[in-house]
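Undergrad: Structure file start32.cif (mmCIF, C-alpha atoms) is given on the next line.
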```
data_run
#
loop_
_atom_site.group_PDB
_atom_site.id
_atom_site.type_symbol
_atom_site.label_atom_id
_atom_site.label_comp_id
_atom_site.auth_asym_id
_atom_site.auth_seq_id
_atom_site.Cartn_x
_atom_site.Cartn_y
_atom_site.Cartn_z
ATOM 1 C CA MET L 16 65.189 21.954 -17.524
ATOM 2 C CA ALA L 17 62.696 20.858 -20.162
ATOM 3 C CA ARG L 18 60.313 23.740 -19.577
ATOM 4 C CA GLY L 19 62.243 26.238 -21.697
ATOM 5 C CA HIS L 20 62.732 23.793 -24.558
ATOM 6 C CA VAL L 21 59.070 22.748 -24.588
ATOM 7 C CA ALA L 22 57.899 26.358 -24.404
ATOM 8 C CA ARG L 23 60.128 27.362 -27.335
ATOM 9 C CA GLN L 24 58.799 24.480 -29.438
ATOM 10 C CA LEU L 25 55.197 25.452 -28.646
ATOM 11 C CA VAL L 26 55.956 29.043 -29.701
ATOM 12 C CA LYS L 27 57.317 27.687 -33.005
ATOM 13 C CA LEU L 28 53.933 25.977 -33.491
ATOM 14 C CA GLY L 29 52.216 29.355 -33.000
ATOM 15 C CA GLY L 30 51.148 29.066 -29.356
ATOM 16 C CA GLN L 31 51.757 31.232 -26.308
ATOM 17 C CA PRO L 32 52.653 28.903 -23.406
ATOM 18 C CA THR L 33 52.341 30.009 -19.789
ATOM 19 C CA LEU L 34 53.281 28.114 -16.655
ATOM 20 C CA ARG L 35 50.346 27.133 -14.460
ATOM 21 C CA GLU L 36 51.693 28.737 -11.275
ATOM 22 C CA GLY L 37 51.573 26.887 -7.965
ATOM 23 C CA PHE L 38 50.418 23.597 -9.450
ATOM 24 C CA THR L 39 52.058 20.266 -10.184
ATOM 25 C CA THR L 40 50.512 16.965 -11.178
ATOM 26 C CA ASP L 41 50.318 13.949 -8.892
ATOM 27 C CA ASN L 42 53.545 12.762 -10.519
ATOM 28 C CA GLY L 43 55.300 16.078 -9.869
ATOM 29 C CA ASN L 44 55.122 17.390 -13.439
ATOM 30 C CA ILE L 45 54.450 21.031 -14.265
ATOM 31 C CA ILE L 46 51.701 22.176 -16.627
ATOM 32 C CA LEU L 47 51.973 24.675 -19.445
ATOM 33 C CA ASP L 48 48.734 26.247 -20.635
ATOM 34 C CA VAL L 49 48.985 27.202 -24.301
ATOM 35 C CA HIS L 50 46.893 29.986 -25.791
ATOM 36 C CA ASN L 51 46.291 31.256 -29.340
ATOM 37 C CA LEU L 52 47.305 28.012 -31.033
ATOM 38 C CA THR L 53 45.485 27.559 -34.329
ATOM 39 C CA ILE L 54 44.416 23.960 -34.886
ATOM 40 C CA LEU L 55 43.498 23.029 -38.421
ATOM 41 C CA ASN L 56 44.175 19.321 -37.963
ATOM 42 C CA PRO L 57 43.833 18.208 -34.301
ATOM 43 C CA VAL L 58 45.337 14.741 -34.880
ATOM 44 C CA GLU L 59 48.414 16.182 -36.589
ATOM 45 C CA MET L 60 48.858 18.906 -33.940
ATOM 46 C CA GLU L 61 48.573 16.372 -31.120
ATOM 47 C CA ALA L 62 51.247 14.213 -32.768
ATOM 48 C CA LYS L 63 53.577 17.214 -33.170
ATOM 49 C CA ILE L 64 53.184 18.247 -29.524
ATOM 50 C CA ASN L 65 53.620 14.706 -28.223
ATOM 51 C CA GLN L 66 56.886 14.406 -30.179
ATOM 52 C CA ILE L 67 58.449 17.372 -28.349
ATOM 53 C CA VAL L 68 61.158 16.091 -26.017
ATOM 54 C CA GLY L 69 60.021 16.737 -22.437
ATOM 55 C CA VAL L 70 56.275 16.465 -23.065
ATOM 56 C CA VAL L 71 54.651 13.776 -20.925
ATOM 57 C CA THR L 72 51.108 14.157 -22.251
ATOM 58 C CA MET L 73 48.771 16.832 -23.568
ATOM 59 C CA ALA L 74 45.093 17.506 -24.126
ATOM 60 C CA PHE L 75 42.819 19.814 -26.069
ATOM 61 C CA LEU L 76 40.021 21.134 -23.876
ATOM 62 C CA PRO L 77 37.048 23.248 -24.982
ATOM 63 C CA CYS L 78 37.065 26.634 -23.233
ATOM 64 C CA ALA L 79 34.670 29.561 -23.125
ATOM 65 C CA GLY L 80 35.467 32.130 -25.777
ATOM 66 C CA GLN L 81 38.059 29.945 -27.480
ATOM 67 C CA MET L 82 38.020 26.903 -29.653
ATOM 68 C CA TYR L 83 40.407 25.099 -27.308
ATOM 69 C CA CYS L 84 42.641 25.517 -24.330
ATOM 70 C CA TYR L 85 45.707 23.330 -24.180
ATOM 71 C CA TRP L 86 47.763 21.928 -21.425
ATOM 72 C CA VAL L 87 51.011 20.139 -21.564
ATOM 73 C CA HIS L 88 52.493 18.080 -18.753
ATOM 74 C CA GLN L 89 56.233 18.062 -18.812
ATOM 75 C CA LYS L 90 58.928 16.481 -16.733
ATOM 76 C CA VAL L 91 60.504 18.749 -14.167
#
```
Kindly transcribe the structure held in the file into structure tokens.

TA:
Amino acid sequence: MARGHVARQLVKLGGQPTLREGFTTDNGNIILDVHNLTILNPVEMEAKINQIVGVVTMAFLPCAGQMYCYWVHQKV
């Protein structure tokens, strides 16, 4: 399954991915929330994440107490 591969790649980028339990997208994809990822260049980081095999899409979202929260849709 792609989840393990995607999670390992996000760890290599410095993040701490966690599965969003009990939730799938309308298309049946799972979501990984990624914490503690330092973003110095958002455009470059987005490109790196989108190039990970298994990632469907991703977004940077402003969150209280953090610069960003991240979520990654991935194929099940």

Undergrad: For the file shown, report as a list in words the outcome of the PyMOL selection byres ((chain L and resi 35) around 6) at residue level.

TA: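 Matching residues under the PyMOL selection byres ((chain L and resi 35) around 6) are Leu34, Glu36, Ile46 and Leu47 of chain L.
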
Undergrad: Rank L:Val68, L:Ile54, L:Leu76, L:Ala62 by their smallest atom-to-atom distance to L:Ala22, using only C-alpha atoms, and report the top residue only.

TA: L:Val68

Undergrad: Considering all atoms listed in the file, state which residue in the set L:Phe38, L:Asn56, L:Ile67, L:Thr72 is at the smallest distance from L:Gly19.

TA: L:Ile67

Undergrad: Counting all atoms listed in the file, which of L:Val70, L:Leu55, L:Ile45, L:Ile64 gets nearest to L:Val26?

TA: L:Ile64

Undergrad: Quick one: residues within 6 Å of L:His50, all atoms listed in the file counted, chain neighbours fewer than 2 positions away excluded, as a ChimeraX atom specification?

TA: /L:30-31,52

Undergrad: Go ahead and compute the interatomic distance for atom CA of L:Arg18 and atom CA of L:Thr53, in Å to one decimal.

TA: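 A separation of 21.3 Å between them.
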
Undergrad: Closest to L:Pro32 among L:Glu59, L:Asn44, L:Gln66, L:His20, using all atoms listed in the file?

TA: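 Using all atoms listed in the file, L:Pro32 sits closest to L:His20.
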
Undergrad: What does the distance between atom CA of L:Asn51 and atom CA of L:Gly29 come to in Å, to one decimal place?

TA: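 Distance between the two atoms: 7.2 Å.
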
Undergrad: Just give me the gap between atom CA of L:Ala17 and atom CA of L:Val49 in Å, one decimal is fine.

TA: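 So the answer is 15.7 Å.
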
Undergrad: Between L:Gln24, L:Met60, L:Ala74, L:Gly69, which has the minimum distance to L:Asp48 (counting only C-alpha atoms)?

TA: L:Ala74

Undergrad: Need the axis-aligned box for stretch 54-69 of chain L with 5 Å each side, so what are the centre and edges in Å to one decimal, as JSON?

TA:
```
{"center_x": 52.3, "center_y": 19.1, "center_z": -30.4, "size_x": 27.7, "size_y": 19.7, "size_z": 26.0}
```

Undergrad: Rank nothing, just name the residue among L:Gly43, L:Val58, L:Gly37, L:Lys63 nearest to L:Val21, using all atoms listed in the file.

TA: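 Result for the nearest residue to L:Val21: L:Lys63.
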
Undergrad: Would you mind putting N, CA and C atoms back on stretch 37-68 of chain L and writing the result as a PDB file, in the coordinates of the input?

TA:
```pdb
ATOM      1  N   GLY L  37      51.995  27.499  -9.216  1.00  0.00           N
ATOM      2  CA  GLY L  37      51.573  26.887  -7.965  1.00  0.00           C
ATOM      3  C   GLY L  37      50.877  25.545  -8.109  1.00  0.00           C
ATOM      4  N   PHE L  38      51.112  24.864  -9.226  1.00  0.00           N
ATOM      5  CA  PHE L  38      50.418  23.597  -9.450  1.00  0.00           C
ATOM      6  C   PHE L  38      51.372  22.591 -10.076  1.00  0.00           C
ATOM      7  N   THR L  39      51.366  21.385  -9.551  1.00  0.00           N
ATOM      8  CA  THR L  39      52.058  20.266 -10.184  1.00  0.00           C
ATOM      9  C   THR L  39      51.101  19.086 -10.205  1.00  0.00           C
ATOM     10  N   THR L  40      51.351  18.160 -11.088  1.00  0.00           N
ATOM     11  CA  THR L  40      50.512  16.965 -11.178  1.00  0.00           C
ATOM     12  C   THR L  40      50.846  16.013 -10.035  1.00  0.00           C
ATOM     13  N   ASP L  41      50.062  14.964  -9.920  1.00  0.00           N
ATOM     14  CA  ASP L  41      50.318  13.949  -8.892  1.00  0.00           C
ATOM     15  C   ASP L  41      51.712  13.339  -9.045  1.00  0.00           C
ATOM     16  N   ASN L  42      52.221  13.321 -10.263  1.00  0.00           N
ATOM     17  CA  ASN L  42      53.545  12.762 -10.519  1.00  0.00           C
ATOM     18  C   ASN L  42      54.652  13.814 -10.436  1.00  0.00           C
ATOM     19  N   GLY L  43      54.303  15.028 -10.035  1.00  0.00           N
ATOM     20  CA  GLY L  43      55.300  16.078  -9.869  1.00  0.00           C
ATOM     21  C   GLY L  43      55.653  16.826 -11.136  1.00  0.00           C
ATOM     22  N   ASN L  44      54.862  16.676 -12.188  1.00  0.00           N
ATOM     23  CA  ASN L  44      55.122  17.390 -13.439  1.00  0.00           C
ATOM     24  C   ASN L  44      54.466  18.760 -13.416  1.00  0.00           C
ATOM     25  N   ILE L  45      55.054  19.702 -14.137  1.00  0.00           N
ATOM     26  CA  ILE L  45      54.450  21.031 -14.265  1.00  0.00           C
ATOM     27  C   ILE L  45      53.492  21.028 -15.448  1.00  0.00           C
ATOM     28  N   ILE L  46      52.665  22.053 -15.528  1.00  0.00           N
ATOM     29  CA  ILE L  46      51.701  22.176 -16.627  1.00  0.00           C
ATOM     30  C   ILE L  46      51.905  23.515 -17.314  1.00  0.00           C
ATOM     31  N   LEU L  47      51.972  23.465 -18.631  1.00  0.00           N
ATOM     32  CA  LEU L  47      51.973  24.675 -19.445  1.00  0.00           C
ATOM     33  C   LEU L  47      50.602  24.798 -20.087  1.00  0.00           C
ATOM     34  N   ASP L  48      49.962  25.940 -19.910  1.00  0.00           N
ATOM     35  CA  ASP L  48      48.734  26.247 -20.635  1.00  0.00           C
ATOM     36  C   ASP L  48      49.158  26.977 -21.902  1.00  0.00           C
ATOM     37  N   VAL L  49      48.588  26.612 -23.020  1.00  0.00           N
ATOM     38  CA  VAL L  49      48.985  27.202 -24.301  1.00  0.00           C
ATOM     39  C   VAL L  49      47.776  27.912 -24.912  1.00  0.00           C
ATOM     40  N   HIS L  50      47.974  29.169 -25.238  1.00  0.00           N
ATOM     41  CA  HIS L  50      46.893  29.986 -25.791  1.00  0.00           C
ATOM     42  C   HIS L  50      47.219  30.378 -27.230  1.00  0.00           C
ATOM     43  N   ASN L  51      46.176  30.722 -27.977  1.00  0.00           N
ATOM     44  CA  ASN L  51      46.291  31.256 -29.340  1.00  0.00           C
ATOM     45  C   ASN L  51      46.952  30.296 -30.322  1.00  0.00           C
ATOM     46  N   LEU L  52      46.762  29.011 -30.118  1.00  0.00           N
ATOM     47  CA  LEU L  52      47.305  28.012 -31.033  1.00  0.00           C
ATOM     48  C   LEU L  52      46.216  27.640 -32.034  1.00  0.00           C
ATOM     49  N   THR L  53      46.459  27.884 -33.291  1.00  0.00           N
ATOM     50  CA  THR L  53      45.485  27.559 -34.329  1.00  0.00           C
ATOM     51  C   THR L  53      45.579  26.079 -34.663  1.00  0.00           C
ATOM     52  N   ILE L  54      44.437  25.398 -34.603  1.00  0.00           N
ATOM     53  CA  ILE L  54      44.416  23.960 -34.886  1.00  0.00           C
ATOM     54  C   ILE L  54      43.569  23.720 -36.124  1.00  0.00           C
ATOM     55  N   LEU L  55      44.221  23.380 -37.207  1.00  0.00           N
ATOM     56  CA  LEU L  55      43.498  23.029 -38.421  1.00  0.00           C
ATOM     57  C   LEU L  55      43.295  21.522 -38.504  1.00  0.00           C
ATOM     58  N   ASN L  56      44.242  20.778 -37.969  1.00  0.00           N
ATOM     59  CA  ASN L  56      44.175  19.321 -37.963  1.00  0.00           C
ATOM     60  C   ASN L  56      44.552  18.842 -36.555  1.00  0.00           C
ATOM     61  N   PRO L  57      43.549  18.573 -35.689  1.00  0.00           N
ATOM     62  CA  PRO L  57      43.833  18.208 -34.301  1.00  0.00           C
ATOM     63  C   PRO L  57      44.721  16.969 -34.151  1.00  0.00           C
ATOM     64  N   VAL L  58      44.538  15.965 -34.984  1.00  0.00           N
ATOM     65  CA  VAL L  58      45.337  14.741 -34.880  1.00  0.00           C
ATOM     66  C   VAL L  58      46.800  15.037 -35.180  1.00  0.00           C
ATOM     67  N   GLU L  59      47.041  15.814 -36.215  1.00  0.00           N
ATOM     68  CA  GLU L  59      48.414  16.182 -36.589  1.00  0.00           C
ATOM     69  C   GLU L  59      49.062  17.051 -35.507  1.00  0.00           C
ATOM     70  N   MET L  60      48.305  18.027 -34.975  1.00  0.00           N
ATOM     71  CA  MET L  60      48.858  18.906 -33.940  1.00  0.00           C
ATOM     72  C   MET L  60      49.182  18.112 -32.675  1.00  0.00           C
ATOM     73  N   GLU L  61      48.309  17.201 -32.292  1.00  0.00           N
ATOM     74  CA  GLU L  61      48.573  16.372 -31.120  1.00  0.00           C
ATOM     75  C   GLU L  61      49.852  15.560 -31.308  1.00  0.00           C
ATOM     76  N   ALA L  62      50.038  14.995 -32.487  1.00  0.00           N
ATOM     77  CA  ALA L  62      51.247  14.213 -32.768  1.00  0.00           C
ATOM     78  C   ALA L  62      52.485  15.093 -32.672  1.00  0.00           C
ATOM     79  N   LYS L  63      52.425  16.308 -33.221  1.00  0.00           N
ATOM     80  CA  LYS L  63      53.577  17.214 -33.170  1.00  0.00           C
ATOM     81  C   LYS L  63      53.937  17.566 -31.733  1.00  0.00           C
ATOM     82  N   ILE L  64      52.921  17.872 -30.916  1.00  0.00           N
ATOM     83  CA  ILE L  64      53.184  18.247 -29.524  1.00  0.00           C
ATOM     84  C   ILE L  64      53.724  17.061 -28.747  1.00  0.00           C
ATOM     85  N   ASN L  65      53.160  15.892 -28.946  1.00  0.00           N
ATOM     86  CA  ASN L  65      53.620  14.706 -28.223  1.00  0.00           C
ATOM     87  C   ASN L  65      55.037  14.289 -28.602  1.00  0.00           C
ATOM     88  N   GLN L  66      55.533  14.737 -29.753  1.00  0.00           N
ATOM     89  CA  GLN L  66      56.886  14.406 -30.179  1.00  0.00           C
ATOM     90  C   GLN L  66      57.937  15.364 -29.610  1.00  0.00           C
ATOM     91  N   ILE L  67      57.500  16.430 -28.945  1.00  0.00           N
ATOM     92  CA  ILE L  67      58.449  17.372 -28.349  1.00  0.00           C
ATOM     93  C   ILE L  67      59.103  16.693 -27.145  1.00  0.00           C
ATOM     94  N   VAL L  68      60.426  16.685 -27.140  1.00  0.00           N
ATOM     95  CA  VAL L  68      61.158  16.091 -26.017  1.00  0.00           C
ATOM     96  C   VAL L  68      60.817  16.857 -24.745  1.00  0.00           C
TER      97      VAL L  68
END
```
